[in-house]
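Source file: coords_12.csv; contents: CSV, C-alpha atoms and all ligand atoms.
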```csv
chain,number,residue,atom,x,y,z
A,1,MET,CA,-72.5,-5.9,21.4
A,2,THR,CA,-69.4,-6.9,23.4
A,3,MET,CA,-68.1,-4.1,25.5
A,4,LEU,CA,-64.5,-3.3,26.1
A,5,SER,CA,-64.7,-4.4,29.7
A,6,ASP,CA,-66.0,-7.9,28.6
A,7,ARG,CA,-63.0,-8.6,26.4
A,8,LYS,CA,-59.5,-9.7,27.3
A,9,SER,CA,-57.3,-6.6,27.6
A,10,LEU,CA,-54.2,-5.1,29.2
A,11,ARG,CA,-53.5,-1.5,30.0
A,12,VAL,CA,-50.3,0.4,29.4
A,13,ARG,CA,-49.8,3.0,32.2
A,14,LEU,CA,-48.2,6.3,31.3
A,15,GLY,CA,-46.9,8.0,34.4
A,16,GLY,CA,-49.9,9.5,36.1
A,17,SER,CA,-52.3,9.3,33.1
A,18,ALA,CA,-54.8,6.5,32.3
A,19,GLY,CA,-52.6,5.2,29.5
A,20,TYR,CA,-54.2,3.1,26.8
A,21,PRO,CA,-55.7,-0.4,26.4
A,22,VAL,CA,-54.4,-3.3,24.5
A,23,VAL,CA,-57.6,-5.1,23.5
A,24,PHE,CA,-57.7,-8.7,22.1
A,25,GLY,CA,-60.7,-9.3,19.8
A,26,ASN,CA,-62.0,-10.0,16.4
A,27,LEU,CA,-60.9,-7.7,13.6
A,28,ASP,CA,-64.6,-7.0,12.7
A,29,LEU,CA,-65.1,-5.3,16.1
A,30,LEU,CA,-62.2,-2.8,15.5
A,31,PRO,CA,-64.4,0.2,14.4
A,32,SER,CA,-66.8,-0.1,17.4
A,33,THR,CA,-63.8,-0.4,19.7
A,34,LEU,CA,-62.4,2.9,18.3
A,35,ARG,CA,-65.7,4.5,19.3
A,36,GLU,CA,-65.5,3.0,22.8
A,37,VAL,CA,-62.1,4.5,23.4
A,38,GLY,CA,-63.5,7.9,22.4
A,39,LEU,CA,-62.3,8.4,18.9
A,40,ARG,CA,-64.6,10.5,16.7
A,41,VAL,CA,-66.5,8.6,14.1
A,42,GLY,CA,-65.8,10.0,10.6
A,43,ARG,CA,-62.8,9.9,8.4
A,44,CYS,CA,-59.9,7.7,9.3
A,45,VAL,CA,-56.7,6.8,7.5
A,46,VAL,CA,-55.9,3.1,7.4
A,47,VAL,CA,-52.2,2.4,6.5
A,48,THR,CA,-51.4,-1.2,5.5
A,49,ASP,CA,-49.1,-3.2,3.2
A,50,ARG,CA,-49.9,-5.4,0.2
A,51,ASN,CA,-49.5,-8.7,2.1
A,52,VAL,CA,-51.9,-7.7,4.8
A,53,ALA,CA,-54.3,-5.9,2.5
A,54,ASP,CA,-54.8,-9.1,0.5
A,55,PRO,CA,-56.4,-11.1,3.3
A,56,TYR,CA,-57.7,-8.3,5.5
A,57,GLY,CA,-57.9,-5.0,3.6
A,58,ILE,CA,-61.4,-5.4,2.2
A,59,ARG,CA,-62.7,-6.8,5.5
A,60,VAL,CA,-61.4,-3.8,7.5
A,61,ASP,CA,-62.6,-1.3,4.9
A,62,LYS,CA,-66.1,-2.9,5.0
A,63,ALA,CA,-66.2,-3.1,8.8
A,64,PHE,CA,-65.4,0.7,9.0
A,65,GLN,CA,-68.0,1.6,6.4
A,66,GLY,CA,-70.6,-0.6,8.1
A,67,ASP,CA,-70.0,1.2,11.3
A,68,GLY,CA,-70.4,4.7,9.8
A,69,TRP,CA,-66.8,5.6,9.2
A,70,GLU,CA,-65.2,7.0,6.0
A,71,PRO,CA,-61.9,5.1,5.7
A,72,LEU,CA,-59.0,6.0,3.3
A,73,VAL,CA,-57.1,2.8,2.9
A,74,LEU,CA,-53.4,3.3,1.8
A,75,THR,CA,-51.6,0.2,0.7
A,76,LEU,CA,-47.8,0.3,0.7
A,77,PRO,CA,-45.3,-2.2,-0.5
A,78,ALA,CA,-44.4,-4.8,2.1
A,79,GLY,CA,-41.0,-5.1,3.9
A,80,GLU,CA,-38.4,-3.1,5.7
A,81,THR,CA,-37.5,-1.0,2.6
A,82,THR,CA,-40.9,0.7,3.0
A,83,LYS,CA,-39.7,2.4,6.2
A,84,THR,CA,-38.3,5.3,4.2
A,85,PRO,CA,-38.9,9.1,3.9
A,86,GLN,CA,-40.3,8.4,0.4
A,87,HIS,CA,-43.1,6.2,1.7
A,88,LEU,CA,-43.7,8.4,4.7
A,89,HIS,CA,-44.1,11.3,2.2
A,90,ALA,CA,-46.6,9.3,0.2
A,91,VAL,CA,-48.7,8.9,3.3
A,92,TYR,CA,-48.5,12.6,4.1
A,93,GLU,CA,-49.5,13.5,0.5
A,94,ALA,CA,-52.5,11.1,0.4
A,95,ALA,CA,-53.8,12.1,3.8
A,96,LEU,CA,-53.4,15.8,3.4
A,97,LYS,CA,-54.9,15.9,-0.1
A,98,TRP,CA,-57.8,13.8,1.0
A,99,GLY,CA,-58.6,16.0,4.0
A,100,ILE,CA,-57.8,15.3,7.6
A,101,ASP,CA,-58.1,17.3,10.8
A,102,ARG,CA,-56.5,16.9,14.3
A,103,ARG,CA,-59.0,14.3,15.3
A,104,THR,CA,-58.7,12.0,12.3
A,105,PRO,CA,-57.3,8.7,13.5
A,106,VAL,CA,-54.5,6.9,11.7
A,107,ILE,CA,-54.9,3.1,11.9
A,108,ALA,CA,-51.7,1.1,11.4
A,109,LEU,CA,-52.8,-2.3,10.1
A,110,GLY,CA,-49.8,-4.6,9.6
A,111,GLY,CA,-46.5,-5.7,11.1
A,112,GLY,CA,-43.8,-3.6,12.8
A,113,VAL,CA,-42.9,-1.9,9.6
A,114,ILE,CA,-46.4,-0.4,9.1
A,115,GLY,CA,-46.7,0.2,12.8
A,116,ASP,CA,-43.5,2.3,12.9
A,117,LEU,CA,-44.1,4.1,9.7
A,118,ALA,CA,-47.8,4.9,10.1
A,119,GLY,CA,-47.1,5.7,13.8
A,120,PHE,CA,-44.5,8.3,12.8
A,121,ALA,CA,-46.9,9.7,10.2
A,122,ALA,CA,-49.5,10.0,13.0
A,123,ALA,CA,-46.9,11.6,15.3
A,124,THR,CA,-46.0,14.3,12.7
A,125,LEU,CA,-49.1,15.0,10.6
A,126,LEU,CA,-50.7,18.2,11.9
A,127,ARG,CA,-48.3,17.9,14.9
A,128,GLY,CA,-50.0,14.7,16.1
A,129,LEU,CA,-53.0,12.6,15.1
A,130,PRO,CA,-54.6,9.9,17.2
A,131,LEU,CA,-53.0,6.5,16.5
A,132,VAL,CA,-54.4,3.0,16.6
A,133,GLN,CA,-52.1,0.1,16.3
A,134,VAL,CA,-53.6,-3.0,14.7
A,135,PRO,CA,-50.7,-5.5,14.7
A,136,THR,CA,-50.9,-8.5,12.4
A,137,SER,CA,-47.5,-10.1,12.7
A,138,LEU,CA,-46.4,-12.0,15.7
A,139,LEU,CA,-43.5,-9.7,16.4
A,140,ALA,CA,-45.8,-6.7,16.3
A,141,GLN,CA,-48.5,-8.3,18.4
A,142,VAL,CA,-46.1,-9.2,21.3
A,143,ASP,CA,-43.7,-6.3,20.9
A,144,ALA,CA,-43.6,-3.5,18.3
A,145,SER,CA,-47.2,-2.3,18.6
A,146,ILE,CA,-46.8,-1.6,22.3
A,147,GLY,CA,-44.8,1.2,23.8
A,148,GLY,CA,-45.2,4.2,21.5
A,149,LYS,CA,-41.9,4.0,19.6
A,150,THR,CA,-42.4,5.1,15.9
A,151,GLY,CA,-40.0,5.9,13.2
A,152,ILE,CA,-38.4,5.2,9.8
A,153,ASN,CA,-34.9,4.2,8.7
A,154,HIS,CA,-32.2,6.4,7.3
A,155,GLU,CA,-29.4,5.2,4.9
A,156,VAL,CA,-27.0,5.7,7.9
A,157,GLY,CA,-28.9,3.1,9.9
A,158,LYS,CA,-32.2,1.7,11.1
A,159,ASN,CA,-34.8,3.6,13.1
A,160,LEU,CA,-32.7,6.7,13.2
A,161,VAL,CA,-35.5,9.2,12.6
A,162,GLY,CA,-38.6,8.9,14.8
A,163,ALA,CA,-40.6,9.9,17.8
A,164,PHE,CA,-42.4,8.6,20.8
A,165,HIS,CA,-46.1,8.7,20.0
A,166,GLN,CA,-48.4,6.7,22.2
A,167,PRO,CA,-51.4,5.0,20.6
A,168,GLU,CA,-55.0,5.5,21.8
A,169,LEU,CA,-55.5,1.8,21.4
A,170,VAL,CA,-53.7,-1.3,20.4
A,171,TYR,CA,-56.2,-3.8,18.9
A,172,THR,CA,-54.9,-7.3,18.5
A,173,ASP,CA,-56.6,-10.2,16.7
A,174,PRO,CA,-54.4,-13.3,17.1
A,175,ASP,CA,-56.4,-15.1,14.4
A,176,THR,CA,-54.9,-12.8,11.8
A,177,LEU,CA,-51.6,-14.7,12.4
A,178,ALA,CA,-53.1,-17.6,10.5
A,179,THR,CA,-51.8,-16.1,7.2
A,180,LEU,CA,-48.4,-15.1,8.5
A,181,PRO,CA,-45.6,-16.7,6.5
A,182,PRO,CA,-43.5,-19.3,8.4
A,183,ARG,CA,-40.3,-17.2,8.4
A,184,GLU,CA,-42.2,-14.3,10.0
A,185,TRP,CA,-43.7,-16.7,12.5
A,186,ILE,CA,-40.2,-17.7,13.5
A,187,SER,CA,-39.0,-14.1,13.8
A,188,GLY,CA,-41.9,-13.3,16.2
A,189,THR,CA,-41.2,-16.5,18.2
A,190,ALA,CA,-37.7,-15.2,18.9
A,191,GLU,CA,-39.2,-12.0,20.6
A,192,LEU,CA,-41.7,-14.2,22.5
A,193,ILE,CA,-38.9,-16.4,23.8
A,194,LYS,CA,-37.0,-13.3,24.8
A,195,HIS,CA,-39.9,-12.1,26.8
A,196,ALA,CA,-40.1,-15.4,28.6
A,197,LEU,CA,-36.4,-15.3,29.4
A,198,ILE,CA,-36.4,-11.8,30.8
A,199,SER,CA,-39.7,-11.9,32.7
A,200,ASP,CA,-40.5,-14.9,34.8
A,201,ARG,CA,-39.7,-18.5,35.2
A,202,ARG,CA,-43.3,-19.7,34.9
A,203,LEU,CA,-43.7,-18.2,31.5
A,204,PHE,CA,-40.4,-19.7,30.5
A,205,GLU,CA,-41.5,-23.2,31.6
A,206,GLN,CA,-44.8,-22.9,29.8
A,207,VAL,CA,-43.1,-21.8,26.6
A,208,GLN,CA,-40.6,-24.6,27.0
A,209,GLN,CA,-43.5,-27.2,27.3
A,210,GLU,CA,-45.9,-25.8,24.7
A,211,LEU,CA,-43.6,-24.5,22.0
A,212,PRO,CA,-44.4,-27.5,19.7
A,213,GLN,CA,-48.2,-26.7,19.9
A,214,PHE,CA,-47.4,-23.0,19.4
A,215,ALA,CA,-45.2,-23.8,16.4
A,216,ARG,CA,-48.2,-25.8,14.9
A,217,ARG,CA,-50.3,-22.7,15.6
A,218,GLN,CA,-52.8,-24.4,17.8
A,219,THR,CA,-55.4,-21.7,18.4
A,220,SER,CA,-55.7,-21.8,22.2
A,221,VAL,CA,-51.9,-21.8,22.7
A,222,VAL,CA,-51.4,-19.0,20.2
A,223,HIS,CA,-54.0,-16.8,22.0
A,224,ASP,CA,-52.5,-17.6,25.4
A,225,PHE,CA,-48.8,-17.0,24.4
A,226,VAL,CA,-49.6,-13.8,22.5
A,227,PHE,CA,-51.5,-12.4,25.5
A,228,ARG,CA,-48.9,-13.4,28.1
A,229,SER,CA,-46.0,-12.2,25.9
A,230,ALA,CA,-47.7,-8.9,25.2
A,231,ALA,CA,-48.3,-8.6,29.0
A,232,VAL,CA,-44.5,-8.7,29.5
A,233,LYS,CA,-44.0,-5.8,27.1
A,234,VAL,CA,-46.9,-3.8,28.7
A,235,ASP,CA,-45.4,-4.3,32.1
A,236,ILE,CA,-42.0,-3.1,31.1
A,237,VAL,CA,-43.0,-0.1,29.1
A,238,SER,CA,-45.4,1.0,31.8
A,239,ARG,CA,-42.5,1.0,34.2
A,240,ASP,CA,-40.3,3.0,31.8
A,241,VAL,CA,-42.3,5.1,29.3
A,242,LYS,CA,-39.3,6.9,27.7
A,243,GLU,CA,-36.7,4.1,27.7
A,244,LYS,CA,-34.6,5.4,30.6
A,245,ASN,CA,-34.0,2.2,32.6
A,246,VAL,CA,-35.9,-1.2,32.7
A,247,ARG,CA,-37.0,-0.9,29.1
A,248,ALA,CA,-33.4,-1.7,28.2
A,249,TYR,CA,-34.2,-5.3,29.2
A,250,LEU,CA,-36.1,-5.7,26.0
A,251,ASN,CA,-32.8,-5.4,24.2
A,252,PHE,CA,-31.7,-8.8,25.4
A,253,GLY,CA,-29.9,-10.4,22.5
A,254,HIS,CA,-30.3,-7.1,20.5
A,255,THR,CA,-26.7,-5.7,20.8
A,256,PHE,CA,-25.6,-8.8,19.0
A,257,GLY,CA,-28.7,-9.1,16.8
A,258,HIS,CA,-28.5,-5.6,15.4
A,259,ALA,CA,-24.8,-6.0,14.5
A,260,LEU,CA,-25.6,-9.2,12.8
A,261,GLU,CA,-28.4,-7.7,10.8
A,262,LYS,CA,-26.2,-4.8,9.8
A,263,ALA,CA,-23.1,-6.8,8.9
A,264,SER,CA,-24.9,-9.5,6.9
A,265,GLY,CA,-26.8,-6.8,5.0
A,266,TYR,CA,-30.4,-5.8,6.0
A,267,GLY,CA,-32.9,-8.2,4.6
A,268,THR,CA,-30.6,-11.3,4.5
A,269,ILE,CA,-31.8,-12.5,7.8
A,270,THR,CA,-34.9,-11.2,9.6
A,271,HIS,CA,-34.8,-9.1,12.8
A,272,GLY,CA,-36.1,-12.0,14.9
A,273,GLU,CA,-33.6,-14.5,13.4
A,274,ALA,CA,-30.8,-12.1,14.2
A,275,VAL,CA,-32.1,-11.7,17.8
A,276,ALA,CA,-32.3,-15.5,18.1
A,277,ILE,CA,-28.6,-15.7,17.4
A,278,GLY,CA,-27.9,-12.7,19.5
A,279,MET,CA,-29.6,-14.4,22.5
A,280,ARG,CA,-27.2,-17.3,22.2
A,281,ALA,CA,-24.4,-14.8,22.5
A,282,ALA,CA,-26.0,-13.0,25.4
A,283,LEU,CA,-26.7,-16.3,27.2
A,284,TYR,CA,-23.0,-17.3,26.7
A,285,LEU,CA,-21.9,-14.0,28.4
A,286,SER,CA,-24.5,-14.4,31.1
A,287,ARG,CA,-23.1,-17.7,32.1
A,288,ARG,CA,-19.6,-16.3,32.4
A,289,PHE,CA,-20.8,-13.9,35.1
A,290,SER,CA,-23.5,-15.9,36.9
A,291,THR,CA,-23.5,-19.4,38.3
A,292,LYS,CA,-27.2,-19.3,39.0
A,293,LEU,CA,-28.3,-19.3,35.3
A,294,GLU,CA,-29.6,-22.6,34.0
A,295,HIS,CA,-27.7,-22.0,30.8
A,296,ALA,CA,-28.3,-25.4,29.2
A,297,ARG,CA,-32.1,-25.1,29.5
A,298,ALA,CA,-32.2,-21.5,28.3
A,299,GLU,CA,-29.8,-22.2,25.4
A,300,ALA,CA,-31.8,-25.3,24.4
A,301,LEU,CA,-35.0,-23.2,24.1
A,302,VAL,CA,-33.2,-20.5,22.1
A,303,ARG,CA,-31.7,-23.1,19.8
A,304,GLN,CA,-35.2,-24.3,18.9
A,305,ILE,CA,-35.6,-21.1,16.9
A,306,PRO,CA,-34.6,-22.2,13.3
A,307,VAL,CA,-32.2,-19.7,11.7
A,308,PRO,CA,-30.8,-19.6,8.2
A,309,PRO,CA,-27.1,-20.3,7.6
A,310,ILE,CA,-24.9,-17.4,8.3
A,311,PRO,CA,-22.7,-16.3,5.4
A,312,ALA,CA,-19.4,-18.1,5.9
A,313,ASP,CA,-17.4,-15.1,5.0
A,314,LEU,CA,-18.8,-13.0,7.8
A,315,ALA,CA,-15.8,-12.2,10.0
A,316,ILE,CA,-16.0,-11.6,13.7
A,317,GLY,CA,-14.1,-8.3,13.2
A,318,GLU,CA,-16.9,-7.1,11.0
A,319,LEU,CA,-19.5,-8.0,13.6
A,320,MET,CA,-17.5,-6.2,16.3
A,321,ARG,CA,-17.3,-3.0,14.1
A,322,ALA,CA,-21.0,-3.2,13.4
A,323,MET,CA,-21.6,-3.4,17.2
A,324,GLN,CA,-19.5,-0.3,17.9
A,325,SER,CA,-21.5,1.8,15.5
A,326,ASP,CA,-24.9,0.8,17.0
A,327,LYS,CA,-26.8,4.0,18.1
A,328,LYS,CA,-27.3,2.4,21.5
A,329,ALA,CA,-23.5,2.3,22.1
A,330,GLU,CA,-23.2,5.3,24.5
A,331,ALA,CA,-19.9,7.2,24.2
A,332,GLY,CA,-18.3,4.1,22.6
A,333,ARG,CA,-19.3,1.8,25.5
A,334,LEU,CA,-21.3,-1.2,24.6
A,335,ASN,CA,-24.2,-2.1,26.9
A,336,PHE,CA,-25.2,-5.7,27.2
A,337,VAL,CA,-28.4,-7.1,28.7
A,338,LEU,CA,-27.5,-10.3,30.5
A,339,LEU,CA,-29.3,-12.7,32.8
A,340,ARG,CA,-28.4,-13.4,36.4
A,341,LYS,CA,-30.9,-16.2,36.2
A,342,ILE,CA,-34.1,-16.8,34.1
A,343,GLY,CA,-36.4,-13.8,34.7
A,344,GLU,CA,-33.6,-11.7,36.2
A,345,PRO,CA,-32.0,-9.4,33.6
A,346,TYR,CA,-29.5,-6.6,34.2
A,347,VAL,CA,-27.5,-4.2,32.1
A,348,THR,CA,-23.7,-4.1,32.1
A,349,SER,CA,-21.0,-2.5,30.0
A,350,ASP,CA,-18.3,-4.2,31.9
A,351,VAL,CA,-17.5,-6.9,29.4
A,352,ALA,CA,-14.0,-7.6,27.9
A,353,LEU,CA,-13.8,-7.5,24.1
A,354,THR,CA,-12.3,-10.9,24.1
A,355,ASP,CA,-15.4,-12.3,25.9
A,356,VAL,CA,-17.6,-10.6,23.3
A,357,GLU,CA,-15.6,-12.2,20.5
A,358,ALA,CA,-15.9,-15.6,22.2
A,359,ALA,CA,-19.7,-15.1,22.5
A,360,TRP,CA,-19.9,-14.4,18.8
A,361,ARG,CA,-18.0,-17.6,18.0
A,362,HIS,CA,-20.3,-19.6,20.3
A,363,ALA,CA,-23.5,-18.0,18.8
A,364,LEU,CA,-22.5,-18.6,15.2
A,365,MET,CA,-21.8,-22.3,15.8
A,366,PRO,CA,-24.6,-24.3,14.1
A,367,VAL,CA,-25.1,-26.7,17.1
A,401,LIG,N1,-41.6,0.3,17.6
A,401,LIG,C1,-41.1,-0.7,18.3
A,401,LIG,O1,-41.1,-0.7,19.5
A,401,LIG,C2,-40.5,-1.9,17.5
A,401,LIG,C3,-40.1,-3.0,18.2
A,401,LIG,C4,-39.6,-4.1,17.5
A,401,LIG,C5,-39.5,-4.0,16.1
A,401,LIG,N2,-39.8,-2.9,15.5
A,401,LIG,C6,-39.8,-2.8,14.0
A,401,LIG,O2,-40.7,-3.7,13.5
A,401,LIG,C7,-40.2,-4.1,12.2
A,401,LIG,C8,-40.3,-5.6,12.1
A,401,LIG,O3,-41.6,-6.0,12.3
A,401,LIG,P1,-42.2,-7.2,11.5
A,401,LIG,O4,-41.4,-8.4,11.8
A,401,LIG,O5,-43.7,-7.3,11.9
A,401,LIG,O6,-42.0,-6.9,10.0
A,401,LIG,P2,-43.0,-6.5,8.8
A,401,LIG,O7,-43.9,-5.4,9.2
A,401,LIG,O8,-42.2,-6.3,7.6
A,401,LIG,O9,-43.9,-7.8,8.7
A,401,LIG,C9,-43.3,-9.0,8.3
A,401,LIG,C10,-43.9,-9.5,7.0
A,401,LIG,O10,-45.1,-10.2,7.3
A,401,LIG,C11,-46.1,-9.7,6.5
A,401,LIG,N3,-47.4,-9.8,7.3
A,401,LIG,C12,-47.6,-9.1,8.5
A,401,LIG,N4,-48.8,-9.6,9.0
A,401,LIG,C13,-49.2,-10.5,8.2
A,401,LIG,C14,-50.4,-11.4,8.2
A,401,LIG,N5,-51.2,-11.4,9.2
A,401,LIG,N6,-50.5,-12.2,7.1
A,401,LIG,C15,-49.6,-12.2,6.1
A,401,LIG,N7,-48.5,-11.5,6.0
A,401,LIG,C16,-48.3,-10.6,7.1
A,401,LIG,C17,-45.7,-8.3,6.1
A,401,LIG,O11,-46.3,-7.8,5.0
A,401,LIG,C18,-44.2,-8.5,5.9
A,401,LIG,O12,-44.0,-9.0,4.6
A,401,LIG,C19,-38.8,-3.6,12.1
A,401,LIG,O13,-38.8,-2.5,11.2
A,401,LIG,C20,-38.4,-3.2,13.5
A,401,LIG,O14,-37.5,-2.1,13.5
A,401,LIG,C21,-40.4,-1.8,16.2
```
Any chance you could put this one into structure tokens?
Ligand SMILES: NC(=O)c1ccc[n+]([C@@H]2O[C@H](COP(=O)([O-])OP(=O)(O)OC[C@H]3O[C@@H](n4cnc5c(N)ncnc54)[C@H](O)[C@@H]3O)[C@@H](O)[C@H]2O)c1
Amino acid sequence: MTMLSDRKSLRVRLGGSAGYPVVFGNLDLLPSTLREVGLRVGRCVVVTDRNVADPYGIRVDKAFQGDGWEPLVLTLPAGETTKTPQHLHAVYEAALKWGIDRRTPVIALGGGVIGDLAGFAAATLLRGLPLVQVPTSLLAQVDASIGGKTGINHEVGKNLVGAFHQPELVYTDPDTLATLPPREWISGTAELIKHALISDRRLFEQVQQELPQFARRQTSVVHDFVFRSAAVKVDIVSRDVKEKNVRAYLNFGHTFGHALEKASGYGTITHGEAVAIGMRAALYLSRRFSTKLEHARAEALVRQIPVPPIPADLAIGELMRAMQSDKKAEAGRLNFVLLRKIGEPYVTSDVALTDVEAAWRHALMPV
């Protein structure tokens, strides 16, 4: 059997504690890896969605049973509308009625929606159950599964109810990305490019060179990019466990992106597509304040992320209002993550509203 130490892995550090591993491996080895990180073999609750259950549900169920576990597989509808109190409640009901105790692990098998929802269920059931993130979307593999943020949406806004609940393990099989629909692939690519822009120049150059192979899902490139991009997130969250400082860099493009998602109506464009457009705006502002940024190169890479047409009647004023109501706007001041140069992000709130409007106009231009 392959041991944890033989496999490709990263480690999230949590202050003084050992933290948790992010292990890259075949889905079939998930149950044995749970044992290796010290989880008790017995009952476990697997939360997934319909699109992920179709290709992987039976396989995961069988793998657990074959390794001596007793899995309860809960399959929810797919999509952002699942991140609601109603679906959370359904997980509570099923798990509590089936019979769990404080050592029963919750396995989040799916994209960021399942990761956030199952993560929050794990955070709150019996005041906290062990959580294992098994991300299957590109966005979740490089971003959402790492860092311990969990939660659901409220009708007032996205992600407004939640908790920090760190997983015991993140288990990533990049081969599961083979079944990911093209639009979701693009959405994850936006976060991956964001990581390249905020981390280091070498990763940026590699992404720039090998993006076509990645887009064709060439196995070796996919494995390499997922690992290196996840490593950026691991590094940042290890330096800032509770989102007090450098973790803000991960919001590059997001102040604009969230506003666009909100103003265009959630579900019209994906989170990643909104971030792709948001990064164009953030790069525009970055150029205004720094002469060291190679703007044309960075913008060219970001413009390679295909985005759907933006509704023509979406007014800049509407986008500005949506920005002001973002929960991250502290005391009415908007914080922007900008780049001094590639790999050198910083946070500022010192941006004139006229510049923000100009950034929107630039970002929404088709070419
Ligand atoms: N917790 C965090 O730190 C964090 C960070 C970023 C985003 N998020 C959250 O993540 C969510 C977005 O994540 P997402 O883009 O993964 O969305 P998602 O979970 O809705 O997944 C996207 C779609 O792909 C499908 N899918 C996932 N894996 C698949 C596979 N291997 N094969 C076939 N279909 C597959 C899903 O069923 C869904 O339809 C948002 O709710 C966002 O708020 C959380």
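Excluding region 76-92 of chain A and any residue on its chain fewer than 5 positions from it, the residues at most 7 Å away by all atoms listed in the file are A:Thr48, A:Asp49, A:Arg50, A:Asn51, A:Val113, A:Leu117, A:Ala121, A:Leu125, A:Ile152, A:Asn153, A:His154.
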Q | Among the residues A:Asp350, A:Asp235, A:Glu273, A:Glu243, the one that comes closest to Leu10 (chain A) [using only C-alpha atoms] | A | A:Asp235
Q: Grab the CA of Glu70 (chain A) to CA of Cys44 (chain A) distance for me, in Å with one decimal place.
A: 6.3 Å
(Q) Could you list, as a PyMOL selection string, all residues that come within 8 Å of ligand LIG 401 (chain A)? Count only C-alpha atoms and all ligand atoms. (A) chain A and resi 49-52+55+77-80+83+110-116+135-140+143-152+158-159+176-181+184+187-188+270-272
So that each row is one residue of region 212-275 of chain A with an atom at most 10 Å from region 281-285 of chain A, can you give its shortest atom pair and the distance in Å to one decimal, using only C-alpha atoms, rows by chain and rising number, as CSV?
```
residue,atom,partner,partner_atom,distance
A:Phe252,CA,A:Ala282,CA,7.1
A:Gly253,CA,A:Ala282,CA,5.5
A:His254,CA,A:Ala282,CA,8.8
A:Thr255,CA,A:Ala282,CA,8.7
A:Phe256,CA,A:Ala281,CA,7.0
A:Gly257,CA,A:Ala281,CA,9.1
A:Val275,CA,A:Ala281,CA,9.5
```
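Taking CA of Ala263 (chain A) as the reference point, CA of Arg321 (chain A) is found at 8.7 Å.
Of note, CA of Val221 (chain A) and CA of Arg11 (chain A) are spaced 21.6 Å apart.
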Contact residues around Leu260 (chain A) with only C-alpha atoms at 10 Å, ignoring same-chain residues under 6 positions, as a PDB file with C-alpha atoms, in the coordinates of the input:
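Written output follows (part-v4.pdb):
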```pdb
ATOM      1  CA  HIS A 254     -30.300  -7.100  20.500  1.00  0.00           C
ATOM      2  CA  TYR A 266     -30.400  -5.800   6.000  1.00  0.00           C
ATOM      3  CA  THR A 268     -30.600 -11.300   4.500  1.00  0.00           C
ATOM      4  CA  ILE A 269     -31.800 -12.500   7.800  1.00  0.00           C
ATOM      5  CA  HIS A 271     -34.800  -9.100  12.800  1.00  0.00           C
ATOM      6  CA  GLU A 273     -33.600 -14.500  13.400  1.00  0.00           C
ATOM      7  CA  ALA A 274     -30.800 -12.100  14.200  1.00  0.00           C
ATOM      8  CA  VAL A 275     -32.100 -11.700  17.800  1.00  0.00           C
ATOM      9  CA  ILE A 277     -28.600 -15.700  17.400  1.00  0.00           C
ATOM     10  CA  GLY A 278     -27.900 -12.700  19.500  1.00  0.00           C
ATOM     11  CA  ILE A 310     -24.900 -17.400   8.300  1.00  0.00           C
ATOM     12  CA  LEU A 314     -18.800 -13.000   7.800  1.00  0.00           C
ATOM     13  CA  ILE A 316     -16.000 -11.600  13.700  1.00  0.00           C
ATOM     14  CA  GLU A 318     -16.900  -7.100  11.000  1.00  0.00           C
ATOM     15  CA  LEU A 319     -19.500  -8.000  13.600  1.00  0.00           C
ATOM     16  CA  MET A 320     -17.500  -6.200  16.300  1.00  0.00           C
ATOM     17  CA  ALA A 322     -21.000  -3.200  13.400  1.00  0.00           C
ATOM     18  CA  MET A 323     -21.600  -3.400  17.200  1.00  0.00           C
ATOM     19  CA  TRP A 360     -19.900 -14.400  18.800  1.00  0.00           C
TER      20      TRP A 360
END
```
(Q) Can you tell me which residues surround Ala352 (chain A) at a distance of at most 12 Å, considering all atoms listed in the file, apart from same-chain residues fewer than 2 positions away, and format the answer as an NGL selection string? (A) :A and (285 or 288-289 or 333-336 or 348-350 or 354-359)
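You can rank A:Lys262, A:Arg216, A:Lys233, A:Arg103 by their closest distance to Glu168 (chain A) using only C-alpha atoms, and at the top of that list sits A:Arg103.
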Enumerate, in order of chain and increasing residue number, the residues of region 9-107 of chain A with an atom no farther than 10 Å from region 223-228 of chain A, each with its shortest atom pair and distance in Å to one decimal, counting only C-alpha atoms, as JSON lines.
```
{"residue": "A:Ser9", "atom": "CA", "partner": "A:Phe227", "partner_atom": "CA", "distance": 8.5}
{"residue": "A:Leu10", "atom": "CA", "partner": "A:Phe227", "partner_atom": "CA", "distance": 8.6}
{"residue": "A:Val22", "atom": "CA", "partner": "A:Phe227", "partner_atom": "CA", "distance": 9.6}
{"residue": "A:Val23", "atom": "CA", "partner": "A:Phe227", "partner_atom": "CA", "distance": 9.7}
{"residue": "A:Phe24", "atom": "CA", "partner": "A:Phe227", "partner_atom": "CA", "distance": 8.0}
```
Same residues, C-alpha atoms, output as a PDB file, keeping the file's coordinate frame:
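Resulting contents of result_6.pdb:
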```
ATOM      1  CA  SER A   9     -57.300  -6.600  27.600  1.00  0.00           C
ATOM      2  CA  LEU A  10     -54.200  -5.100  29.200  1.00  0.00           C
ATOM      3  CA  VAL A  22     -54.400  -3.300  24.500  1.00  0.00           C
ATOM      4  CA  VAL A  23     -57.600  -5.100  23.500  1.00  0.00           C
ATOM      5  CA  PHE A  24     -57.700  -8.700  22.100  1.00  0.00           C
TER       6      PHE A  24
END
```
Q. Which residue out of A:Leu34, A:Leu211, A:Glu191, A:Val161 has the minimum interatomic distance to Gln133 (chain A) when only C-alpha atoms are used?
A. A:Leu34
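Take the candidates A:Lys292, A:His195, A:Arg43, A:Arg7 and check each one against Arg247 (chain A) using all atoms listed in the file; the shortest distance goes to A:His195.
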(Q) With distances taken over all atoms listed in the file, which residue among A:Pro167, A:His258, A:Phe204, A:Ile198 lies nearest Leu14 (chain A)? (A) A:Pro167
